[in-house]
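Below is one structure, written out as structure tokens, with a few remarks after it.
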Amino acid sequence: MFRIFFIAILALASSAAAAVQPGIDVLAARDFAPLRGKRVGLVTNQTGLSASGTKTRVILKKHVNLVALYSPEHGIDGTVLAGKYVPTRKDSVTGLTVHSLYGPTRKPTAEMLKGVDILVYDMQDIGARCYTYISTMAKCMEACGENGIEFMVLDRPNPLGGERVEGPGIEEKWRSFVGQLPVPFIHGMTAGELAQMANSKGWAGKRCNLTVIPVQGWSRGMDWSATGLRWVQTSPNIPRASSVAYYAATGIFGSLEGCGCDVGIGTGSPFEIAGAAGRDGARFATHLGGCGISCSPYRRGEFAGARLSLSSSSRLNLAGINIHLFDALQQQTKGSIFARYRDADNLLWKIYGSTDLRTHIEKRTPPEKIIASWDGIVSRFRAARQPYLLYQ
């Protein structure tokens, strides 16, 4: 079961900065009533902040019995690089132990949850299936269900808005920590909405006692720029709110590891460029431009391709841009672009959700046809998610 605490809508503030209040502010307005008398654990990182910029862990340490912290990929401060081990350590801000959920285990163990009555989740997601913060949430829900511990989500806006649903689904055999939930690549839901859906459908194992504290003032048509909230770098390669749209557009393409692909990782513009070693950047950009994608040629060292120009409000299918990138690369490749793909972890298939992509690209299936093949998945998901939506 789940409980949702709605707060009466306050008078609208004149400034955009007061337009949206994340779950932690709504919880504070309730004087933390759902947490009173309970020993609280908190899953958080640098994005867990109030609208005024105060860390959620500082707020809870002051007002309730906060006893433990848990950190996801990239660590509690968001500085650890993608895929790198995150150690358990003491938090310099609160003095509490920060249990790593990206070290020896992805799921809190019974020992890590000892002495906790309710586990609270407060992190900013970016709206893409493979971004591991929602996978961490699902694993925490599973652990809470198994150990009889309550679970609470302090909700936050989806920076891509709540209307954009795009991309392929995921086959059961490819579900992993970069595809924990069976949703389209771009799902258009908040973490709280996803938690409700996952709990109801059993996607996170044994159901937990779930509470969602909703965002106040957010609606589905609002992307991040409309919230008035300050963006905090969610991970090393998502430095700006604008980075989210680029991640949606190039994140699948960039997982073609070992084939000389380039999406700008390690530069000041991660995910904003797309190309490969030894390619003709002008030809690459011209190909994409012919598909209606605004871009210009780029070159850096051995890499060349296109520098994209996108926004979260773009009418383009952002997930679909990945397919146009694969097609543009294939146009400049003798044989198959997948011929050198030897990733033992099968990262590309886990992120895309199937191996169908390789079949389509090698057969030169038009990108528009591949993108259109997602329509049934997207349509069914839109209908299935409807009972779990918290915002209009």
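Just remember, in the structure tokens the first chain shown is A, the second B, etc., residues are 1-based per chain, and ligands are 1-based in the order shown.
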Can you list every residue of region 316-356 of chain A that has an atom at most 10 Å from region 287-303 of chain A, with its nearest atom pair and the distance in Å to one decimal, using only C-alpha atoms, ordered by chain then number, as JSON lines?
{"residue": "A:Leu316", "atom": "CA", "partner": "A:Ile293", "partner_atom": "CA", "distance": 7.9}
{"residue": "A:Leu318", "atom": "CA", "partner": "A:Ile293", "partner_atom": "CA", "distance": 10.0}
{"residue": "A:Ile321", "atom": "CA", "partner": "A:Ile293", "partner_atom": "CA", "distance": 7.9}
{"residue": "A:His324", "atom": "CA", "partner": "A:Leu288", "partner_atom": "CA", "distance": 6.9}
{"residue": "A:Leu325", "atom": "CA", "partner": "A:Leu288", "partner_atom": "CA", "distance": 7.5}
{"residue": "A:Asp327", "atom": "CA", "partner": "A:His287", "partner_atom": "CA", "distance": 9.0}
{"residue": "A:Ala328", "atom": "CA", "partner": "A:His287", "partner_atom": "CA", "distance": 6.3}
{"residue": "A:Leu329", "atom": "CA", "partner": "A:His287", "partner_atom": "CA", "distance": 9.6}
{"residue": "A:Gln331", "atom": "CA", "partner": "A:His287", "partner_atom": "CA", "distance": 8.9}
Per-residue DSSP, region 167-234 of chain A, filtered to helix (DSSP H, G or I), as a list in words: Glu172, Lys173, Trp174, Ala191, Gly192, Glu193, Leu194, Ala195, Gln196, Met197, Ala198, Asn199, Ser200, Lys201, Trp224, Ser225 and Ala226 of chain A
Output C-alpha atoms of each residue in that selection to a file, as a PDB file, in the first residue's frame.
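After the write, again07.pdb holds the following:
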ATOM      1  CA  GLU A 172      13.414  -9.157 -19.350  1.00  0.00           C
ATOM      2  CA  LYS A 173      16.798 -10.775 -20.051  1.00  0.00           C
ATOM      3  CA  TRP A 174      18.448  -7.358 -20.360  1.00  0.00           C
ATOM      4  CA  ALA A 191      10.694   9.187  -8.787  1.00  0.00           C
ATOM      5  CA  GLY A 192       7.606   9.151  -6.560  1.00  0.00           C
ATOM      6  CA  GLU A 193       5.349   8.127  -9.425  1.00  0.00           C
ATOM      7  CA  LEU A 194       7.776   5.411 -10.489  1.00  0.00           C
ATOM      8  CA  ALA A 195       7.928   4.161  -6.901  1.00  0.00           C
ATOM      9  CA  GLN A 196       4.146   3.838  -6.778  1.00  0.00           C
ATOM     10  CA  MET A 197       4.026   1.976 -10.075  1.00  0.00           C
ATOM     11  CA  ALA A 198       6.946  -0.308  -9.192  1.00  0.00           C
ATOM     12  CA  ASN A 199       5.462  -1.111  -5.786  1.00  0.00           C
ATOM     13  CA  SER A 200       2.015  -1.874  -7.166  1.00  0.00           C
ATOM     14  CA  LYS A 201       3.295  -4.056 -10.016  1.00  0.00           C
ATOM     15  CA  TRP A 224      13.330  22.226 -15.384  1.00  0.00           C
ATOM     16  CA  SER A 225      13.568  25.805 -16.646  1.00  0.00           C
ATOM     17  CA  ALA A 226       9.977  26.427 -15.514  1.00  0.00           C
TER      18      ALA A 226
END
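For the residues A:Gly167, A:Pro108, A:Pro157, A:Gly260, ranking by smallest atom-to-atom distance to Arg279 (chain A) using only C-alpha atoms places A:Gly260 first.
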DSSP strand (DSSP E) residues within region 27-62 of chain A, as an MDAnalysis selection string: chainID A and resid 39:44
Could the residues in this selection be written to a file with C-alpha atoms, as a short mmCIF file (atom, residue, chain, number, x, y, z; two decimals), in the first residue's frame?
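Wrote it out as part.cif, contents follow:
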data_model
loop_
_atom_site.label_atom_id
_atom_site.label_comp_id
_atom_site.auth_asym_id
_atom_site.auth_seq_id
_atom_site.Cartn_x
_atom_site.Cartn_y
_atom_site.Cartn_z
CA ARG A 39 14.52 6.13 13.47
CA VAL A 40 15.23 7.49 10.01
CA GLY A 41 17.66 6.38 7.32
CA LEU A 42 18.22 8.63 4.31
CA VAL A 43 19.27 7.71 0.76
CA THR A 44 20.66 10.92 -0.69
#
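For the set A:Ala143, A:Ala319, A:Ile186, A:Ala276, the residue with the smallest atom-to-atom gap to Arg382 (chain A) is A:Ile186, counting only C-alpha atoms.
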Report as a tab-separated table the residues of region 82-125 of chain A within 9 Å of region 55-61 of chain A, each with its shortest atom pair and distance in Å (one decimal), using only C-alpha atoms, ordered by chain and increasing residue number.
residue	atom	partner	partner_atom	distance
A:Val93	CA	A:Val58	CA	7.5
A:Thr94	CA	A:Val58	CA	6.7
A:Asp122	CA	A:Thr56	CA	7.6
Selected residues written out with N, CA and C atoms, as an mmCIF file, in the first residue's frame:
data_model
loop_
_atom_site.group_PDB
_atom_site.id
_atom_site.type_symbol
_atom_site.label_atom_id
_atom_site.label_comp_id
_atom_site.auth_asym_id
_atom_site.auth_seq_id
_atom_site.Cartn_x
_atom_site.Cartn_y
_atom_site.Cartn_z
ATOM 1 N N VAL A 93 29.484 16.164 7.050
ATOM 2 C CA VAL A 93 28.439 17.166 7.324
ATOM 3 C C VAL A 93 27.629 16.810 8.566
ATOM 4 N N THR A 94 27.237 15.533 8.695
ATOM 5 C CA THR A 94 26.379 15.118 9.808
ATOM 6 C C THR A 94 27.079 14.245 10.835
ATOM 7 N N ASP A 122 15.751 10.752 -1.208
ATOM 8 C CA ASP A 122 15.683 12.113 -1.750
ATOM 9 C C ASP A 122 16.878 12.380 -2.659
#
Near-region 232-239 of chain A list (6 Å; only C-alpha atoms; drop same-chain fewer than 5 positions) as number ranges by chain: A: 47, 78, 270
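Using only C-alpha atoms, the shortest contact distance between Leu101 (chain A) and any of A:Arg380, A:His74, A:Arg358, A:Lys334 is found at A:His74.
Nearest residue to Ile170 (chain A) among A:Val378, A:Leu119, A:Ala306, A:Met152 is A:Val378, counting only C-alpha atoms.
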